[in-house]
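Raw contents of model.cif, mmCIF, C-alpha atoms (C1' of nucleotides); chains and numbers go by the auth columns:
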data_work
#
loop_
_atom_site.group_PDB
_atom_site.id
_atom_site.type_symbol
_atom_site.label_atom_id
_atom_site.label_comp_id
_atom_site.label_asym_id
_atom_site.label_seq_id
_atom_site.Cartn_x
_atom_site.Cartn_y
_atom_site.Cartn_z
_atom_site.B_iso_or_equiv
_atom_site.auth_seq_id
_atom_site.auth_asym_id
ATOM 1 C CA MET A 1 -25.878 -0.413 -33.039 0.00 219 A
ATOM 2 C CA LYS A 2 -23.880 -1.419 -30.096 0.00 220 A
ATOM 3 C CA SER A 3 -21.840 1.084 -28.234 0.00 221 A
ATOM 4 C CA VAL A 4 -18.331 1.566 -29.497 0.00 222 A
ATOM 5 C CA VAL A 5 -17.290 2.106 -25.903 0.00 223 A
ATOM 6 C CA PRO A 6 -16.348 -1.057 -23.989 0.00 224 A
ATOM 7 C CA ALA A 7 -18.234 -1.786 -20.784 0.00 225 A
ATOM 8 C CA PRO A 8 -15.272 -1.457 -18.406 0.00 226 A
ATOM 9 C CA HIS A 9 -14.631 1.964 -19.853 0.00 227 A
ATOM 10 C CA ARG A 10 -18.164 3.064 -19.076 0.00 228 A
ATOM 11 C CA ALA A 11 -18.077 1.554 -15.602 0.00 229 A
ATOM 12 C CA ILE A 12 -14.932 3.512 -14.866 0.00 230 A
ATOM 13 C CA LEU A 13 -16.489 6.762 -16.034 0.00 231 A
ATOM 14 C CA ARG A 14 -19.467 6.158 -13.783 0.00 232 A
ATOM 15 C CA THR A 15 -17.277 5.399 -10.807 0.00 233 A
ATOM 16 C CA ILE A 16 -15.222 8.550 -11.223 0.00 234 A
ATOM 17 C CA ALA A 17 -18.368 10.605 -11.522 0.00 235 A
ATOM 18 C CA ALA A 18 -19.507 9.089 -8.225 0.00 236 A
ATOM 19 C CA ILE A 19 -16.563 10.249 -6.136 0.00 237 A
ATOM 20 C CA PRO A 20 -18.045 12.570 -3.542 0.00 238 A
ATOM 21 C CA ARG A 21 -17.055 16.221 -3.497 0.00 239 A
ATOM 22 C CA GLY A 22 -14.215 16.860 -1.101 0.00 240 A
ATOM 23 C CA CYS A 23 -12.966 13.276 -1.373 0.00 241 A
ATOM 24 C CA VAL A 24 -10.236 11.641 -3.446 0.00 242 A
ATOM 25 C CA ALA A 25 -9.683 8.136 -4.787 0.00 243 A
ATOM 26 C CA CYS A 26 -6.651 6.404 -6.245 0.00 244 A
ATOM 27 C CA TYR A 27 -6.536 4.804 -9.688 0.00 245 A
ATOM 28 C CA GLY A 28 -6.528 1.240 -8.431 0.00 246 A
ATOM 29 C CA GLU A 29 -9.368 1.940 -6.092 0.00 247 A
ATOM 30 C CA ILE A 30 -11.532 3.277 -8.886 0.00 248 A
ATOM 31 C CA ALA A 31 -10.709 0.301 -11.079 0.00 249 A
ATOM 32 C CA ALA A 32 -11.645 -2.115 -8.302 0.00 250 A
ATOM 33 C CA ARG A 33 -14.906 -0.324 -7.614 0.00 251 A
ATOM 34 C CA ALA A 34 -15.699 -0.338 -11.314 0.00 252 A
ATOM 35 C CA GLY A 35 -15.227 -4.094 -11.417 0.00 253 A
ATOM 36 C CA VAL A 36 -11.895 -3.993 -13.233 0.00 254 A
ATOM 37 C CA PRO A 37 -9.257 -5.489 -10.936 0.00 255 A
ATOM 38 C CA ARG A 38 -5.707 -4.335 -11.765 0.00 256 A
ATOM 39 C CA GLY A 39 -7.161 -1.770 -14.094 0.00 257 A
ATOM 40 C CA ALA A 40 -5.364 1.235 -12.672 0.00 258 A
ATOM 41 C CA ARG A 41 -3.658 1.998 -15.952 0.00 259 A
ATOM 42 C CA LEU A 42 -6.939 1.706 -17.749 0.00 260 A
ATOM 43 C CA VAL A 43 -8.382 4.371 -15.477 0.00 261 A
ATOM 44 C CA GLY A 44 -5.559 6.686 -16.490 0.00 262 A
ATOM 45 C CA ARG A 45 -6.199 6.017 -20.146 0.00 263 A
ATOM 46 C CA VAL A 46 -9.931 6.595 -19.788 0.00 264 A
ATOM 47 C CA LEU A 47 -9.345 9.907 -18.054 0.00 265 A
ATOM 48 C CA ARG A 48 -6.919 11.083 -20.671 0.00 266 A
ATOM 49 C CA GLU A 49 -9.333 10.376 -23.485 0.00 267 A
ATOM 50 C CA ALA A 50 -12.514 11.412 -21.721 0.00 268 A
ATOM 51 C CA ASP A 51 -14.683 14.080 -23.298 0.00 269 A
ATOM 52 C CA PRO A 52 -14.261 17.325 -21.316 0.00 270 A
ATOM 53 C CA ALA A 53 -17.966 17.980 -21.816 0.00 271 A
ATOM 54 C CA LEU A 54 -18.647 15.199 -19.336 0.00 272 A
ATOM 55 C CA ASP A 55 -17.327 17.443 -16.565 0.00 273 A
ATOM 56 C CA LEU A 56 -15.743 14.570 -14.712 0.00 274 A
ATOM 57 C CA PRO A 57 -14.238 15.311 -11.287 0.00 275 A
ATOM 58 C CA TRP A 58 -10.834 14.220 -12.592 0.00 276 A
ATOM 59 C CA GLN A 59 -9.073 16.216 -9.904 0.00 277 A
ATOM 60 C CA ARG A 60 -10.232 13.690 -7.319 0.00 278 A
ATOM 61 C CA VAL A 61 -8.167 10.914 -8.868 0.00 279 A
ATOM 62 C CA LEU A 62 -4.729 10.478 -7.328 0.00 280 A
ATOM 63 C CA ARG A 63 -1.918 7.931 -7.187 0.00 281 A
ATOM 64 C CA ALA A 64 -1.922 5.193 -4.593 0.00 282 A
ATOM 65 C CA ASP A 65 0.343 7.207 -2.308 0.00 283 A
ATOM 66 C CA GLY A 66 -1.886 10.270 -2.430 0.00 284 A
ATOM 67 C CA ARG A 67 0.295 12.224 -4.848 0.00 285 A
ATOM 68 C CA ILE A 68 -0.934 13.976 -7.935 0.00 286 A
ATOM 69 C CA ALA A 69 -0.078 11.961 -11.031 0.00 287 A
ATOM 70 C CA PHE A 70 1.172 14.861 -13.114 0.00 288 A
ATOM 71 C CA PRO A 71 4.757 16.085 -12.800 0.00 289 A
ATOM 72 C CA SER A 72 4.982 18.841 -10.223 0.00 290 A
ATOM 73 C CA GLY A 73 5.340 22.167 -11.907 0.00 291 A
ATOM 74 C CA SER A 74 3.258 21.148 -14.878 0.00 292 A
ATOM 75 C CA ARG A 75 0.175 23.079 -15.823 0.00 293 A
ATOM 76 C CA ALA A 76 -2.096 20.132 -15.080 0.00 294 A
ATOM 77 C CA HIS A 77 -0.533 19.668 -11.657 0.00 295 A
ATOM 78 C CA ARG A 78 -1.265 23.227 -10.620 0.00 296 A
ATOM 79 C CA GLU A 79 -4.764 23.047 -11.996 0.00 297 A
ATOM 80 C CA GLN A 80 -5.516 19.872 -10.068 0.00 298 A
ATOM 81 C CA CYS A 81 -4.192 21.421 -6.855 0.00 299 A
ATOM 82 C CA ARG A 82 -6.352 24.449 -7.365 0.00 300 A
ATOM 83 C CA ARG A 83 -9.490 22.433 -8.034 0.00 301 A
ATOM 84 C CA LEU A 84 -8.964 20.215 -5.007 0.00 302 A
ATOM 85 C CA ARG A 85 -8.432 23.109 -2.653 0.00 303 A
ATOM 86 C CA ALA A 86 -11.488 24.785 -4.093 0.00 304 A
ATOM 87 C CA GLU A 87 -13.553 21.940 -2.714 0.00 305 A
ATOM 88 C CA GLY A 88 -11.882 21.780 0.651 0.00 306 A
ATOM 89 C CA VAL A 89 -9.230 19.116 0.114 0.00 307 A
ATOM 90 C CA VAL A 90 -5.918 19.889 1.799 0.00 308 A
ATOM 91 C CA VAL A 91 -2.997 19.517 -0.592 0.00 309 A
ATOM 92 C CA VAL A 92 0.539 19.687 0.780 0.00 310 A
ATOM 93 C CA HIS A 93 3.430 19.521 -1.658 0.00 311 A
ATOM 94 C CA GLY A 94 1.216 17.983 -4.307 0.00 312 A
ATOM 95 C CA ARG A 95 0.017 15.415 -1.876 0.00 313 A
ATOM 96 C CA VAL A 96 -3.249 14.520 -0.121 0.00 314 A
ATOM 97 C CA ASP A 97 -3.668 12.570 3.104 0.00 315 A
ATOM 98 C CA LEU A 98 -5.698 9.558 2.017 0.00 316 A
ATOM 99 C CA ALA A 99 -6.518 8.666 5.595 0.00 317 A
ATOM 100 C CA ARG A 100 -8.439 11.902 5.826 0.00 318 A
ATOM 101 C CA PHE A 101 -9.806 12.502 2.331 0.00 319 A
ATOM 102 C CA GLY A 102 -9.666 9.035 0.776 0.00 320 A
ATOM 103 C CA TRP A 103 -12.909 7.566 -0.429 0.00 321 A
ATOM 104 C CA GLN A 104 -12.313 3.869 -0.013 0.00 322 A
ATOM 105 C CA ARG A 105 -9.101 3.874 1.882 0.00 323 A
ATOM 106 C CA ASN A 106 -8.700 0.168 2.444 0.00 324 A
ATOM 107 C CA LEU A 107 -10.421 -1.911 -0.183 0.00 325 A
ATOM 108 C CA ASP A 108 -7.284 -1.474 -2.205 0.00 326 A
ATOM 109 C CA ARG A 109 -4.993 -3.594 -0.144 0.00 327 A
ATOM 110 C CA GLU A 110 -7.278 -6.621 -0.197 0.00 328 A
ATOM 111 C CA LEU A 111 -7.474 -6.677 -3.957 0.00 329 A
ATOM 112 C CA TRP A 112 -3.854 -6.092 -4.760 0.00 330 A
ATOM 113 C CA SER A 113 -1.996 -8.411 -2.462 0.00 331 A
ATOM 114 C CA LEU A 114 -3.616 -11.770 -2.784 0.00 332 A
ATOM 115 C CA PRO A 115 -1.094 -14.185 -1.230 0.00 333 A
ATOM 116 C CA HIS A 116 -2.063 -12.387 1.900 0.00 334 A
ATOM 117 C CA ALA A 117 0.934 -13.703 3.827 0.00 335 A
ATOM 118 C "C1'" DA B 1 2.295 -11.128 -34.167 0.00 277 B
ATOM 119 C "C1'" DC B 2 5.868 -8.229 -31.708 0.00 278 B
ATOM 120 C "C1'" DA B 3 7.452 -3.882 -29.425 0.00 279 B
ATOM 121 C "C1'" DT B 4 6.469 0.336 -27.182 0.00 280 B
ATOM 122 C "C1'" DT B 5 3.900 3.420 -24.313 0.00 281 B
ATOM 123 C "C1'" DG B 6 1.199 5.228 -20.389 0.00 282 B
ATOM 124 C "C1'" DA B 7 -2.977 10.492 -15.616 0.00 283 B
ATOM 125 C "C1'" DC B 8 -0.476 2.806 -12.422 0.00 284 B
ATOM 126 C "C1'" DT B 9 1.279 -0.011 -8.176 0.00 285 B
ATOM 127 C "C1'" DC B 10 4.484 -2.489 -5.314 0.00 286 B
ATOM 128 C "C1'" DG B 11 8.852 -3.996 -3.302 0.00 287 B
ATOM 129 C "C1'" DC B 12 13.637 -3.320 -2.613 0.00 288 B
ATOM 130 C "C1'" DG B 13 17.942 -0.734 -1.967 0.00 289 B
ATOM 131 C "C1'" DG C 1 12.954 10.881 -0.372 0.00 69 C
ATOM 132 C "C1'" DC C 2 14.470 8.820 -5.121 0.00 70 C
ATOM 133 C "C1'" DG C 3 15.423 5.518 -8.556 0.00 71 C
ATOM 134 C "C1'" DC C 4 14.837 0.747 -10.593 0.00 72 C
ATOM 135 C "C1'" DG C 5 12.733 -3.335 -11.987 0.00 73 C
ATOM 136 C "C1'" DA C 6 8.736 -6.169 -12.436 0.00 74 C
ATOM 137 C "C1'" DG C 7 3.910 -6.911 -13.029 0.00 75 C
ATOM 138 C "C1'" DC C 8 -0.070 -5.149 -15.072 0.00 76 C
ATOM 139 C "C1'" DC C 9 -3.334 -4.166 -19.261 0.00 77 C
ATOM 140 C "C1'" DA C 10 -5.379 -1.679 -23.344 0.00 78 C
ATOM 141 C "C1'" DA C 11 -4.075 1.044 -27.184 0.00 79 C
ATOM 142 C "C1'" DT C 12 -0.710 2.036 -31.007 0.00 80 C
ATOM 143 C "C1'" DG C 13 2.695 1.509 -34.460 0.00 81 C
#

Since I need it in another form, could you write the structure as structure tokens?
Amino acid sequence: MKSVVPAPHRAILRTIAAIPRGCVACYGEIAARAGVPRGARLVGRVLREADPALDLPWQRVLRADGRIAFPSGSRAHREQCRRLRAEGVVVVHGRVDLARFGWQRNLDRELWSLPHA
DNA sequence: ACATTGACTCGCG
DNA sequence: GCGCGAGCCAATG
């Protein structure tokens, strides 16, 4: 029987699992790398429904501006901060400097703004 | 088939 | 910095 899990979903899980320790990646970046252009929201959905037993490095996934996706003050926000710092990532006011800790830093821009001026 | 909802992103004010 | 609107796409009701 064929897998009940769609291919893009699996590709996204693999990509997240591949983010190096001490690095972070934004949702759109992960989607692009997984072969799902404009799939940022899908990445969020996949993470939310992912089986905790997979031990995904979910803390390494941030918004495009380097901020943690969860509302500051929330339980999840604090937990993500804690996990990131535990692996050496500097978090200031719920934010990470992508220029320093970003995984793919630039690929993003090429894929999202096509008209390209 | 239509409307709403999100761990999203971008541009503008 | 913050809020809004628009575009985006799969899941849900």

Using 9 Å as the limit and counting only C-alpha atoms (C1' of nucleotides), can you tabulate each residue of chain B that touches chain A, with its shortest atom-to-atom distance in Å and the two atoms involved, as a Markdown table?
| residue | atom | partner | partner_atom | distance |
| --- | --- | --- | --- | --- |
| B:DG282 | C1' | A:Arg259 | CA | 7.3 |
| B:DA283 | C1' | A:Gly262 | CA | 4.7 |
| B:DC284 | C1' | A:Arg259 | CA | 4.8 |
| B:DT285 | C1' | A:Ala282 | CA | 7.1 |

### Task
In Å, rounded to a single decimal, give me how far CA of Pro275 (chain A) is from CA of Pro224 (chain A).
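About the pair CA of Pro224 (chain A) and CA of Pro275 (chain A): they are 20.8 Å apart.
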
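Atom pair CA of Ala268 (chain A) / C1' of DA79 (chain C): separated by 14.4 Å.
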
### Task
Run the PyMOL selection byres ((chain C and resi 80) around 10) on the file and write out the hits as a VMD selection string.
(chain B and resid 280 to 281) or (chain C and resid 78 to 79 81)

Once 5 Å is added on each side, what centre and edge lengths in Å to one decimal does the axis-aligned box around all listed atoms of region 229-233 of chain A have, as AutoDock Vina command-line options?
--center_x -17.2 --center_y 4.2 --center_z -13.4 --size_x 14.5 --size_y 15.2 --size_z 15.2

### Message
Please enumerate the residues selected by the PyMOL selection byres ((chain A and resi 311) around 12) when evaluated against the supplied file, formatted as JSON, numbers by chain.
### Response
{"A": [284, 285, 286, 289, 290, 291, 295, 296, 299, 308, 309, 310, 312, 313, 314, 315]}
